[in-house]
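Participant: Okay, so here is final_7.cif, and as you'll see once you scroll down, it has mmCIF, C-alpha atoms.
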data_final
loop_
_atom_site.group_PDB
_atom_site.id
_atom_site.type_symbol
_atom_site.label_atom_id
_atom_site.label_comp_id
_atom_site.auth_asym_id
_atom_site.auth_seq_id
_atom_site.Cartn_x
_atom_site.Cartn_y
_atom_site.Cartn_z
ATOM 1 C CA MET A 434 0.000 0.000 0.000
ATOM 2 C CA LYS A 435 2.814 2.420 0.896
ATOM 3 C CA ILE A 436 4.550 1.673 -2.392
ATOM 4 C CA LYS A 437 1.392 2.552 -4.340
ATOM 5 C CA ILE A 438 1.084 5.856 -2.477
ATOM 6 C CA LEU A 439 4.745 6.640 -3.106
ATOM 7 C CA ILE A 440 4.329 5.870 -6.814
ATOM 8 C CA VAL A 441 1.253 8.116 -7.059
ATOM 9 C CA VAL A 442 3.024 10.949 -5.206
ATOM 10 C CA ALA A 443 6.112 10.566 -7.406
ATOM 11 C CA PHE A 444 3.949 10.625 -10.529
ATOM 12 C CA ILE A 445 2.201 13.821 -9.355
ATOM 13 C CA ILE A 446 5.531 15.509 -8.604
ATOM 14 C CA ILE A 447 6.901 14.534 -12.028
ATOM 15 C CA ALA A 448 3.739 15.767 -13.760
ATOM 16 C CA ILE A 449 3.825 19.116 -11.942
ATOM 17 C CA SER A 450 7.539 19.491 -12.728
ATOM 18 C CA ALA A 451 6.954 18.753 -16.411
ATOM 19 C CA VAL A 452 4.097 21.264 -16.680
ATOM 20 C CA THR A 453 6.082 23.932 -14.828
ATOM 21 C CA TYR A 454 9.151 23.341 -17.000
ATOM 22 C CA ASP A 455 7.037 23.533 -20.159
ATOM 23 C CA MET A 456 5.374 26.774 -19.042
ATOM 24 C CA TYR A 457 8.582 28.579 -18.170
ATOM 25 C CA SER A 458 10.898 27.189 -20.838
ATOM 26 C CA GLN A 459 8.839 28.395 -23.788
ATOM 27 C CA PRO A 460 10.226 31.403 -25.632
ATOM 28 C CA ASN A 461 8.615 34.752 -24.803
ATOM 29 C CA MET A 462 6.389 33.298 -22.108
ATOM 30 C CA ILE A 463 7.105 35.652 -19.234
ATOM 31 C CA THR A 464 9.369 38.198 -20.793
ATOM 32 C CA ALA A 465 9.382 41.684 -22.139
ATOM 33 C CA PRO A 466 8.275 42.262 -25.716
ATOM 34 C CA GLN A 467 10.808 40.798 -28.078
ATOM 35 C CA ASN A 468 10.202 43.012 -31.101
ATOM 36 C CA ASN A 469 9.233 39.850 -32.963
ATOM 37 C CA VAL A 470 8.098 41.958 -35.869
ATOM 38 C CA GLN A 471 11.401 42.421 -37.729
ATOM 39 C CA THR A 472 10.265 45.619 -39.397
ATOM 40 C CA ALA A 473 7.052 47.496 -38.953
ATOM 41 C CA MET A 474 4.558 45.737 -41.187
ATOM 42 C CA SER A 475 1.327 47.311 -42.296
ATOM 43 C CA LEU A 476 -1.772 46.006 -40.578
ATOM 44 C CA PRO A 477 -3.845 43.913 -42.990
ATOM 45 C CA ASN A 478 -7.412 45.050 -43.602
ATOM 46 C CA ILE A 479 -9.283 43.052 -40.951
ATOM 47 C CA THR A 480 -12.992 42.945 -40.283
ATOM 48 C CA ALA A 481 -14.367 40.599 -37.617
ATOM 49 C CA PRO A 482 -17.774 39.995 -36.065
ATOM 50 C CA LEU A 483 -18.544 41.771 -32.808
ATOM 51 C CA LEU A 484 -18.950 39.368 -29.913
ATOM 52 C CA LEU A 485 -21.547 41.359 -27.975
ATOM 53 C CA ASN A 486 -23.599 42.989 -30.731
ATOM 54 C CA GLU A 487 -24.697 42.387 -34.278
ATOM 55 C CA GLY A 488 -22.331 43.584 -36.941
ATOM 56 C CA ASP A 489 -18.648 43.694 -37.704
ATOM 57 C CA LEU A 490 -15.729 45.935 -36.834
ATOM 58 C CA ASN A 491 -12.921 46.952 -39.161
ATOM 59 C CA ILE A 492 -9.863 47.517 -36.993
ATOM 60 C CA HIS A 493 -8.491 50.175 -39.375
ATOM 61 C CA ASN A 494 -11.514 52.346 -38.565
ATOM 62 C CA LEU A 495 -10.747 52.699 -34.858
ATOM 63 C CA LYS A 496 -10.034 56.256 -33.743
ATOM 64 C CA GLU A 497 -7.491 55.396 -31.031
ATOM 65 C CA PRO A 498 -3.905 55.888 -32.235
ATOM 66 C CA ILE A 499 -2.513 52.691 -30.639
ATOM 67 C CA ILE A 500 -4.190 49.280 -30.818
ATOM 68 C CA LEU A 501 -3.479 46.207 -28.731
ATOM 69 C CA LEU A 502 -4.831 43.278 -30.749
ATOM 70 C CA ASN A 503 -5.177 40.567 -28.117
ATOM 71 C CA PHE A 504 -5.880 36.955 -29.128
ATOM 72 C CA TRP A 505 -7.454 35.044 -26.245
ATOM 73 C CA ALA A 506 -9.712 32.103 -25.418
ATOM 74 C CA SER A 507 -12.112 31.323 -22.594
ATOM 75 C CA TRP A 508 -10.214 28.133 -21.735
ATOM 76 C CA CYS A 509 -6.900 29.994 -21.445
ATOM 77 C CA THR A 510 -6.476 30.786 -17.755
ATOM 78 C CA VAL A 511 -3.541 33.144 -18.272
ATOM 79 C CA CYS A 512 -5.561 35.033 -20.912
ATOM 80 C CA MET A 513 -8.328 35.589 -18.405
ATOM 81 C CA ALA A 514 -5.846 36.502 -15.654
ATOM 82 C CA GLU A 515 -4.134 39.250 -17.667
ATOM 83 C CA MET A 516 -7.388 40.958 -18.726
ATOM 84 C CA ASP A 517 -7.616 43.147 -15.610
ATOM 85 C CA ASP A 518 -4.150 44.610 -16.256
ATOM 86 C CA LEU A 519 -5.062 45.185 -19.914
ATOM 87 C CA PHE A 520 -8.296 46.938 -18.861
ATOM 88 C CA LYS A 521 -6.363 49.176 -16.448
ATOM 89 C CA LEU A 522 -3.728 49.971 -19.071
ATOM 90 C CA VAL A 523 -6.368 51.070 -21.576
ATOM 91 C CA SER A 524 -8.064 53.196 -18.919
ATOM 92 C CA ASP A 525 -4.764 54.788 -17.853
ATOM 93 C CA MET A 526 -3.855 55.660 -21.449
ATOM 94 C CA ASP A 527 -6.962 57.879 -21.628
ATOM 95 C CA GLY A 528 -8.235 57.174 -25.141
ATOM 96 C CA LYS A 529 -4.842 56.769 -26.762
ATOM 97 C CA VAL A 530 -4.970 52.950 -26.709
ATOM 98 C CA ALA A 531 -7.682 50.576 -27.898
ATOM 99 C CA LEU A 532 -7.849 46.993 -26.718
ATOM 100 C CA VAL A 533 -9.267 44.713 -29.401
ATOM 101 C CA THR A 534 -9.904 41.319 -27.866
ATOM 102 C CA LEU A 535 -10.300 38.633 -30.513
ATOM 103 C CA SER A 536 -11.618 35.357 -29.147
ATOM 104 C CA ILE A 537 -10.447 32.175 -30.824
ATOM 105 C CA ASP A 538 -12.982 29.990 -29.014
ATOM 106 C CA GLU A 539 -14.712 27.318 -31.075
ATOM 107 C CA VAL A 540 -18.169 28.768 -30.438
ATOM 108 C CA PRO A 541 -19.183 32.304 -29.457
ATOM 109 C CA GLU A 542 -21.160 31.037 -26.453
ATOM 110 C CA HIS A 543 -17.911 30.079 -24.702
ATOM 111 C CA ALA A 544 -16.443 33.532 -25.295
ATOM 112 C CA LEU A 545 -19.687 35.172 -24.129
ATOM 113 C CA LYS A 546 -19.638 33.122 -20.932
ATOM 114 C CA ALA A 547 -16.048 34.231 -20.291
ATOM 115 C CA TYR A 548 -17.045 37.845 -21.004
ATOM 116 C CA LYS A 549 -19.875 37.567 -18.441
ATOM 117 C CA PHE A 550 -17.379 36.208 -15.903
ATOM 118 C CA LEU A 551 -15.029 39.141 -16.551
ATOM 119 C CA GLU A 552 -17.932 41.588 -16.456
ATOM 120 C CA ALA A 553 -18.981 40.323 -13.000
ATOM 121 C CA ARG A 554 -15.394 40.535 -11.779
ATOM 122 C CA TYR A 555 -14.445 43.907 -13.310
ATOM 123 C CA PRO A 556 -17.750 45.721 -13.923
ATOM 124 C CA GLU A 557 -16.371 49.238 -14.457
ATOM 125 C CA SER A 558 -13.194 48.306 -16.315
ATOM 126 C CA ILE A 559 -14.819 46.063 -18.896
ATOM 127 C CA GLN A 560 -17.278 48.784 -19.961
ATOM 128 C CA ASN A 561 -14.498 51.071 -21.202
ATOM 129 C CA LYS A 562 -15.442 52.496 -24.609
ATOM 130 C CA HIS A 563 -11.917 51.770 -25.875
ATOM 131 C CA ILE A 564 -12.310 47.993 -25.441
ATOM 132 C CA TYR A 565 -13.741 46.033 -28.369
ATOM 133 C CA TRP A 566 -14.833 42.396 -28.201
ATOM 134 C CA LEU A 567 -14.576 40.387 -31.422
ATOM 135 C CA PHE A 568 -14.935 36.736 -32.393
ATOM 136 C CA ASP A 569 -12.814 34.889 -34.958
ATOM 137 C CA ALA A 570 -15.502 32.479 -36.158
ATOM 138 C CA ASP A 571 -13.588 30.723 -38.927
ATOM 139 C CA LYS A 572 -10.084 31.310 -37.479
ATOM 140 C CA ASN A 573 -8.996 33.055 -40.684
ATOM 141 C CA ILE A 574 -7.734 36.065 -38.758
ATOM 142 C CA SER A 575 -5.907 34.248 -35.968
ATOM 143 C CA LEU A 576 -4.482 31.309 -37.893
ATOM 144 C CA LYS A 577 -4.124 32.481 -41.470
ATOM 145 C CA THR A 578 -3.570 36.231 -41.174
ATOM 146 C CA PHE A 579 -1.523 36.386 -37.943
ATOM 147 C CA ASN A 580 -0.314 32.800 -37.478
ATOM 148 C CA VAL A 581 -1.378 32.746 -33.824
ATOM 149 C CA ASN A 582 -0.374 29.442 -32.272
ATOM 150 C CA LYS A 583 -0.416 30.328 -28.561
ATOM 151 C CA THR A 584 -2.651 32.347 -26.323
ATOM 152 C CA PRO A 585 -2.451 34.952 -25.095
ATOM 153 C CA GLU A 586 -0.815 36.716 -27.978
ATOM 154 C CA THR A 587 -0.900 40.478 -28.449
ATOM 155 C CA ILE A 588 0.137 42.551 -31.435
ATOM 156 C CA ILE A 589 0.895 46.226 -30.865
ATOM 157 C CA ILE A 590 -0.246 48.451 -33.716
ATOM 158 C CA ASP A 591 0.946 52.056 -33.953
ATOM 159 C CA HIS A 592 -0.826 55.235 -35.113
ATOM 160 C CA GLN A 593 0.177 54.581 -38.734
ATOM 161 C CA ARG A 594 -1.474 51.140 -38.475
ATOM 162 C CA ASN A 595 1.832 49.315 -38.570
ATOM 163 C CA MET A 596 2.356 46.186 -36.484
ATOM 164 C CA VAL A 597 5.363 47.173 -34.401
ATOM 165 C CA ASP A 598 5.571 44.447 -31.777
ATOM 166 C CA LYS A 599 4.238 40.991 -30.983
ATOM 167 C CA ILE A 600 4.060 39.593 -27.470
ATOM 168 C CA VAL A 601 3.539 35.846 -27.177
ATOM 169 C CA GLY A 602 2.521 34.521 -23.793
ATOM 170 C CA VAL A 603 2.029 36.184 -20.449
ATOM 171 C CA TYR A 604 3.197 39.771 -20.029
ATOM 172 C CA ASP A 605 3.108 42.282 -17.188
ATOM 173 C CA TRP A 606 0.729 44.872 -18.660
ATOM 174 C CA SER A 607 0.869 46.872 -15.414
ATOM 175 C CA SER A 608 4.540 47.771 -15.865
ATOM 176 C CA GLU A 609 5.747 51.303 -16.444
ATOM 177 C CA SER A 610 7.913 50.052 -19.313
ATOM 178 C CA ILE A 611 4.906 49.069 -21.422
ATOM 179 C CA ARG A 612 3.319 52.483 -20.853
ATOM 180 C CA GLN A 613 6.522 54.186 -22.010
ATOM 181 C CA LYS A 614 6.766 51.855 -25.000
ATOM 182 C CA LEU A 615 3.166 52.609 -26.054
ATOM 183 C CA LYS A 616 3.722 56.367 -25.648
ATOM 184 C CA SER A 617 6.722 56.098 -27.945
ATOM 185 C CA TYR A 618 4.429 54.826 -30.706
ATOM 186 C CA LEU A 619 2.162 57.891 -30.570
#
What is this file in structure tokens?
Facilitator:
Amino acid sequence: MKIKILIVVAFIIIAISAVTYDMYSQPNMITAPQNNVQTAMSLPNITAPLLLNEGDLNIHNLKEPIILLNFWASWCTVCMAEMDDLFKLVSDMDGKVALVTLSIDEVPEHALKAYKFLEARYPESIQNKHIYWLFDADKNISLKTFNVNKTPETIIIDHQRNMVDKIVGVYDWSSESIRQKLKSYL
């Protein structure tokens, strides 16, 4: 009996170690932006369905000079965890930054359920008029246009609608360095 318990405990420790190693050994997981965009590339013309309302949104038509195009999913715990810092960042930037959240969930109902969870948790922040909720129904935008293969993934788009940075994985959106970086793109 003791041997079985020891084997189970050893298996759990190995599994936790493997998951932890995988999380922290991936490139760009918990790091500063890596300037993964070699040169500023022009933002493709993207229109996606709104998650909360009828209709579509063309990202080029946004009035905010800087756009954070954030790819997320309801099943991605780190995506959900970083939302509060993204909401605060957009609020602090006072209309100079738009957050475009593009869900890659399989069905919109999952993304809507996650939105309702976030709305209950951050009722004032989530209602910011500079936050846009979109859904990538056929995955053309996330997979084909931007080659998103991990969530969260955020592309920073400057006032000339050039993609100037790509952040793959978790990032500290509450840092002063990201505020300075975004201001430099104005």
Participant: Could you name the residues that touch A:Ile574 at 10 Å or less, counting all atoms listed in the file, but leaving out those on the same chain fewer than 3 positions away, as a compact mmCIF listing (two decimals) with C-alpha atoms, in the coordinates of the input?
Facilitator:
# COMPACT_ATOMS: atom_id res chain seq x y z
CA PRO A 477 -3.84 43.91 -42.99
CA ILE A 479 -9.28 43.05 -40.95
CA THR A 480 -12.99 42.94 -40.28
CA ALA A 481 -14.37 40.60 -37.62
CA PHE A 504 -5.88 36.96 -29.13
CA LEU A 535 -10.30 38.63 -30.51
CA ILE A 537 -10.45 32.17 -30.82
CA PHE A 568 -14.94 36.74 -32.39
CA ASP A 569 -12.81 34.89 -34.96
CA ALA A 570 -15.50 32.48 -36.16
CA ASP A 571 -13.59 30.72 -38.93
CA LYS A 577 -4.12 32.48 -41.47
CA THR A 578 -3.57 36.23 -41.17
CA PHE A 579 -1.52 36.39 -37.94
CA ASN A 580 -0.31 32.80 -37.48
CA VAL A 581 -1.38 32.75 -33.82
Participant: Which residues come within 9 Å of A:Asp517, counting all atoms listed in the file, excluding same-chain residues fewer than 6 positions away, as a PyMOL selection string?
Facilitator: chain A and resi 551+555+558-559
Participant: Do you have the atom CA of A:Ser608-atom CA of A:Thr510 distance handy?
Facilitator: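 Taking atom CA of A:Ser608 as the start and atom CA of A:Thr510 as the end point, the length is 20.3 Å.
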Participant: Can you work out the spacing between atom CA of A:Ile499 and atom CA of A:Leu483 in Å, to one decimal?
Facilitator: 19.5 Å
Participant: To one decimal place in Å, what is the distance between atom CA of A:Asp605 and atom CA of A:Asp518?
Facilitator: 7.7 Å
Participant: A:Cys509, A:Ala514, A:Val597, A:Leu619: which is nearest A:Asp538, counting only C-alpha atoms?
Facilitator: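 That would be A:Cys509, the residue with the smallest distance to A:Asp538.
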Participant: When the PyMOL selection byres ((chain A and resi 594) around 8) is applied to the structure above, which residues does it catch, written out as an MDAnalysis selection string?
Facilitator: chainID A and resid 475:476 493 590:593 595:596
Participant: Counting only C-alpha atoms, select every polymer residue within 9 Å of (-14.1, 47.8, -34.8) as defined in the file's coordinates, and provide the selection as an MDAnalysis selection string.
Facilitator: chainID A and resid 480:483 489:495 533 565:567
Participant: Spell out the residues picked by the PyMOL selection byres ((chain A and resi 546) around 12) here, as a PyMOL selection string.
Facilitator: chain A and resi 484-485+506-508+513+536+538+540-545+547-553
